[in-house]
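S.K.: Structure below; questions to follow.
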Amino acid sequence: MTALQVPHHIAIVMDGNGRWANKRFLPRIAGHKQGVESLKRCAKACDARGVRVLTVFAFSSENWKRPTEEVSGLMDLFAFALSREVEQLQADGVQLRFIGERQGLSARVSRSIEQAEVATAGNTRLILNVCFNYGGRWDIVQAAQKLAERGLSVTEAHLSQAMALAHVPDPDLVIRTGDEQRISNFLLWQSAYSEFFFTDALWPDFDEAALDLAIHSFSQRERRFGLTSGQLDSQAASAQAQ
Ligand code: FPP
């Protein structure tokens, strides 16, 4: 039996909070609140399984177009959850990073982001990247602008270094919950060679067993990065011979 391959970096589109709430005749924000609980459970489970980087899509550049009540509810929830959870994240050795456009966020949200980042900066167990006011196209554009400002040539290496997730390797596995099969402007650059896993579980219902299914599926994939199976076999054989 071959050993389970655990992804180093998992990225998740946490979809289905609204439908989870609708099914229970609750306001959509109740689904987002439950989504925060699901994220906490998922981060713990990832850590326990040896995943070292977790990146989640919490608020997209396009989410501002949602009803005002939902947007302000999400902003309040975000600021509240950050201040409430920072101590526990600290105890669990989680380093929080916020990925996205900071301009346009309220002073309260910006403050809670800065405080959480500073408080957890020294933690090394699990890096939790929270994509907030984020879009994959925004990221590519801001990276290109950095190159122009610095007078750097446009190369893949320079662009990669200027992207918002330059501090971590690309995601090995991208999971999308909520029975949708699209990328929705998430990690467009970084997911070039990621494996994808789609599940109909709504995000608040995404538990340890659902995570294990995704990891198991990942573990069975052959990642070829553009090579052939034969080339991979000879690489493995020569690595073994050394
Ligand atoms: C998508 O479900 C979910 C969101 C747009 C928000 C996700 C946010 C959280 C889980 C909270 C994160 C909080 C912190 C502190 C990181 P949807 O609303 O599109 O669901 P639907 O497709 O069922 O309507």
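Chains: A, B, ... in order of the structure tokens. Residues: from 1 per chain. Ligands: from 1, in order shown.
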Write out, as JSON lines, each residue of chain A that has an atom at most 8 Å from ligand 1, together with the closest pair of atoms and their distance in Å to one decimal, counting only C-alpha atoms and all ligand atoms, rows going by chain and rising number.
M.R.:
```
{"residue": "A:Val13", "atom": "CA", "partner": "ligand 1", "partner_atom_place_in_ligand_line": "1 (C)", "distance": 7.6}
{"residue": "A:Met14", "atom": "CA", "partner": "ligand 1", "partner_atom_place_in_ligand_line": "3 (C)", "distance": 5.4}
{"residue": "A:Asp15", "atom": "CA", "partner": "ligand 1", "partner_atom_place_in_ligand_line": "2 (O)", "distance": 3.9}
{"residue": "A:Gly16", "atom": "CA", "partner": "ligand 1", "partner_atom_place_in_ligand_line": "23 (O)", "distance": 3.3}
{"residue": "A:Asn17", "atom": "CA", "partner": "ligand 1", "partner_atom_place_in_ligand_line": "20 (O)", "distance": 4.0}
{"residue": "A:Gly18", "atom": "CA", "partner": "ligand 1", "partner_atom_place_in_ligand_line": "23 (O)", "distance": 3.6}
{"residue": "A:Arg19", "atom": "CA", "partner": "ligand 1", "partner_atom_place_in_ligand_line": "23 (O)", "distance": 3.6}
{"residue": "A:Trp20", "atom": "CA", "partner": "ligand 1", "partner_atom_place_in_ligand_line": "23 (O)", "distance": 6.3}
{"residue": "A:Ala21", "atom": "CA", "partner": "ligand 1", "partner_atom_place_in_ligand_line": "23 (O)", "distance": 7.9}
{"residue": "A:Arg28", "atom": "CA", "partner": "ligand 1", "partner_atom_place_in_ligand_line": "18 (O)", "distance": 7.0}
{"residue": "A:Gly31", "atom": "CA", "partner": "ligand 1", "partner_atom_place_in_ligand_line": "18 (O)", "distance": 7.5}
{"residue": "A:His32", "atom": "CA", "partner": "ligand 1", "partner_atom_place_in_ligand_line": "9 (C)", "distance": 5.1}
{"residue": "A:Lys33", "atom": "CA", "partner": "ligand 1", "partner_atom_place_in_ligand_line": "11 (C)", "distance": 6.6}
{"residue": "A:Gln34", "atom": "CA", "partner": "ligand 1", "partner_atom_place_in_ligand_line": "10 (C)", "distance": 7.4}
{"residue": "A:Gly35", "atom": "CA", "partner": "ligand 1", "partner_atom_place_in_ligand_line": "10 (C)", "distance": 3.9}
{"residue": "A:Val36", "atom": "CA", "partner": "ligand 1", "partner_atom_place_in_ligand_line": "11 (C)", "distance": 4.8}
{"residue": "A:Ser38", "atom": "CA", "partner": "ligand 1", "partner_atom_place_in_ligand_line": "10 (C)", "distance": 7.4}
{"residue": "A:Leu39", "atom": "CA", "partner": "ligand 1", "partner_atom_place_in_ligand_line": "10 (C)", "distance": 6.5}
{"residue": "A:Val56", "atom": "CA", "partner": "ligand 1", "partner_atom_place_in_ligand_line": "16 (C)", "distance": 7.6}
{"residue": "A:Phe57", "atom": "CA", "partner": "ligand 1", "partner_atom_place_in_ligand_line": "7 (C)", "distance": 6.8}
{"residue": "A:Ala58", "atom": "CA", "partner": "ligand 1", "partner_atom_place_in_ligand_line": "8 (C)", "distance": 4.2}
{"residue": "A:Phe59", "atom": "CA", "partner": "ligand 1", "partner_atom_place_in_ligand_line": "5 (C)", "distance": 5.4}
{"residue": "A:Ser60", "atom": "CA", "partner": "ligand 1", "partner_atom_place_in_ligand_line": "5 (C)", "distance": 7.1}
{"residue": "A:Asn63", "atom": "CA", "partner": "ligand 1", "partner_atom_place_in_ligand_line": "5 (C)", "distance": 6.6}
{"residue": "A:Leu74", "atom": "CA", "partner": "ligand 1", "partner_atom_place_in_ligand_line": "11 (C)", "distance": 7.2}
{"residue": "A:Leu77", "atom": "CA", "partner": "ligand 1", "partner_atom_place_in_ligand_line": "15 (C)", "distance": 6.9}
{"residue": "A:Phe78", "atom": "CA", "partner": "ligand 1", "partner_atom_place_in_ligand_line": "15 (C)", "distance": 4.5}
{"residue": "A:Ala79", "atom": "CA", "partner": "ligand 1", "partner_atom_place_in_ligand_line": "15 (C)", "distance": 7.2}
{"residue": "A:Phe80", "atom": "CA", "partner": "ligand 1", "partner_atom_place_in_ligand_line": "15 (C)", "distance": 7.8}
{"residue": "A:Ala81", "atom": "CA", "partner": "ligand 1", "partner_atom_place_in_ligand_line": "15 (C)", "distance": 5.0}
{"residue": "A:Leu82", "atom": "CA", "partner": "ligand 1", "partner_atom_place_in_ligand_line": "15 (C)", "distance": 5.5}
{"residue": "A:Val130", "atom": "CA", "partner": "ligand 1", "partner_atom_place_in_ligand_line": "16 (C)", "distance": 5.9}
{"residue": "A:Gly178", "atom": "CA", "partner": "ligand 1", "partner_atom_place_in_ligand_line": "22 (O)", "distance": 6.6}
{"residue": "A:Leu202", "atom": "CA", "partner": "ligand 1", "partner_atom_place_in_ligand_line": "23 (O)", "distance": 7.3}
{"residue": "A:Trp203", "atom": "CA", "partner": "ligand 1", "partner_atom_place_in_ligand_line": "2 (O)", "distance": 7.4}
{"residue": "A:Pro204", "atom": "CA", "partner": "ligand 1", "partner_atom_place_in_ligand_line": "10 (C)", "distance": 7.9}
```
S.K.: Tell me which of A:Cys46, A:Ala3, A:Ala107, A:Val174 sits closest to Ser219 of chain A, counting only C-alpha atoms.
M.R.: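 Residue with the minimum atom-to-atom distance to Ser219 of chain A: A:Ala3.
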S.K.: Run DSSP on the backbone and tell me which residues of segment 100-155 of chain A come out as alpha helix (DSSP H); list them as a list in words.
M.R.: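 Assigned to alpha helix (DSSP H), within segment 100-155 of chain A: Ala107, Arg108, Val109, Ser110, Arg111, Ser112, Ile113, Glu114, Gln115, Ala116, Glu117, Val118, Ala119, Thr120, Gly136, Arg137, Trp138, Asp139, Ile140, Val141, Gln142, Ala143, Ala144, Gln145, Lys146, Leu147, Ala148, Glu149 and Arg150 of chain A.
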S.K.: Which parts of segment 97-166 of chain A does DSSP call strand (DSSP E) when run on the backbone here, written out as a list in words?
M.R.: Arg97, Phe98, Ile99, Leu126, Ile127, Leu128, Asn129, Val130, Cys131, Phe132, Asn133 and Tyr134 of chain A
S.K.: Quick one: residues within 10 Å of Pro169 of chain A, only C-alpha atoms counted, chain neighbours fewer than 4 positions away excluded, as a ChimeraX atom specification?
M.R.: /A:8-9,53,165,190
S.K.: Which residues come within 8 Å of segment 94-102 of chain A, counting only C-alpha atoms, excluding same-chain residues fewer than 4 positions away, as a short mmCIF file (atom, residue, chain, number, x, y, z; two decimals) with C-alpha atoms, in the first residue's frame?
M.R.:
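The result, written out as around-v2.cif:
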```
data_model
loop_
_atom_site.label_atom_id
_atom_site.label_comp_id
_atom_site.auth_asym_id
_atom_site.auth_seq_id
_atom_site.Cartn_x
_atom_site.Cartn_y
_atom_site.Cartn_z
CA LEU A 89 -4.91 31.20 16.64
CA GLN A 90 -1.90 32.35 18.60
CA SER A 110 -8.12 47.40 8.47
CA ILE A 113 -6.42 42.82 10.04
CA ALA A 116 -4.17 39.93 13.80
CA GLU A 117 -1.21 39.91 11.39
CA THR A 120 0.49 36.02 14.79
CA ALA A 121 3.52 36.98 12.65
CA GLY A 122 5.95 34.74 14.56
CA ASN A 123 3.84 31.56 14.30
CA THR A 124 5.11 28.76 12.09
CA ARG A 125 2.79 25.73 12.48
CA LEU A 126 0.23 26.63 9.84
CA ILE A 127 0.04 29.66 7.53
CA LEU A 128 -3.57 30.72 7.02
CA ASN A 129 -3.91 33.08 4.06
CA VAL A 130 -7.27 34.81 4.06
CA CYS A 131 -8.09 36.24 0.64
CA PHE A 132 -10.20 39.27 1.39
CA ASN A 133 -11.16 41.94 -1.14
CA TYR A 134 -9.19 39.69 -3.45
CA GLY A 135 -9.37 38.72 -7.09
CA ASP A 139 -3.28 40.11 -8.11
CA ALA A 164 0.41 38.41 -3.24
CA LEU A 165 1.13 34.77 -2.33
#
```
S.K.: How many Å lie between atom CA of Arg137 of chain A and atom CA of Glu114 of chain A, rounded to one decimal?
M.R.: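 So the two atoms, atom CA of Arg137 of chain A and atom CA of Glu114 of chain A, lie 23.8 Å apart.
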S.K.: Excluding Thr155 of chain A and any residue of its chain fewer than 6 positions from it, enumerate the residues within 12 Å of it, using only C-alpha atoms, and give them as a list in words.
M.R.: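 Close residues of Thr155 of chain A: Ala143, Ala144, Leu147, Ala148, Gln161 and Ala162 of chain A.
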S.K.: Just all heavy atoms for this one: save the residues we selected as a short mmCIF file (atom, residue, chain, number, x, y, z; two decimals), in the first residue's frame.
M.R.:
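part_35.cif was written with the following content:
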```cif
data_model
loop_
_atom_site.label_atom_id
_atom_site.label_comp_id
_atom_site.auth_asym_id
_atom_site.auth_seq_id
_atom_site.Cartn_x
_atom_site.Cartn_y
_atom_site.Cartn_z
N ALA A 143 0.83 42.87 -9.42
CA ALA A 143 2.20 42.36 -9.58
C ALA A 143 2.86 43.03 -10.79
O ALA A 143 4.02 43.47 -10.71
CB ALA A 143 2.17 40.84 -9.75
N ALA A 144 2.12 43.17 -11.89
CA ALA A 144 2.67 43.80 -13.10
C ALA A 144 3.01 45.27 -12.81
O ALA A 144 4.05 45.78 -13.26
CB ALA A 144 1.66 43.70 -14.24
N LEU A 147 6.32 45.50 -11.04
CA LEU A 147 7.46 45.34 -11.95
C LEU A 147 7.73 46.64 -12.69
O LEU A 147 8.88 47.07 -12.83
CB LEU A 147 7.21 44.22 -12.97
CG LEU A 147 6.98 42.80 -12.48
CD1 LEU A 147 7.23 41.79 -13.61
CD2 LEU A 147 7.85 42.44 -11.30
N ALA A 148 6.64 47.29 -13.15
CA ALA A 148 6.81 48.55 -13.89
C ALA A 148 7.46 49.60 -12.99
O ALA A 148 8.41 50.27 -13.39
CB ALA A 148 5.46 49.02 -14.41
N GLN A 161 7.36 36.53 -8.00
CA GLN A 161 7.87 37.16 -6.77
C GLN A 161 7.03 38.36 -6.34
O GLN A 161 7.04 38.75 -5.18
CB GLN A 161 9.32 37.60 -6.95
CG GLN A 161 10.31 36.45 -6.89
CD GLN A 161 11.60 36.76 -7.63
OE1 GLN A 161 11.90 37.91 -7.96
NE2 GLN A 161 12.37 35.72 -7.94
N ALA A 162 6.32 38.96 -7.30
CA ALA A 162 5.54 40.16 -6.98
C ALA A 162 4.08 39.83 -6.64
O ALA A 162 3.31 40.71 -6.25
CB ALA A 162 5.59 41.12 -8.16
#
```
S.K.: For atom CA of Ile29 of chain A and atom CA of Glu87 of chain A, determine how far apart the two atoms are, in Å to one decimal place.
M.R.: 23.8 Å
S.K.: Please, what distance in Å, to one decimal, runs between atom CA of Asp200 of chain A and atom CA of Gly226 of chain A?
M.R.: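 Calculated distance between atom CA of Asp200 of chain A and atom CA of Gly226 of chain A is 29.3 Å.
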S.K.: Using only C-alpha atoms, which residue out of A:Leu188, A:Val86, A:Arg223, A:Arg150 lies closest to Val118 of chain A?
M.R.: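 Using only C-alpha atoms, Val118 of chain A sits closest to A:Val86.
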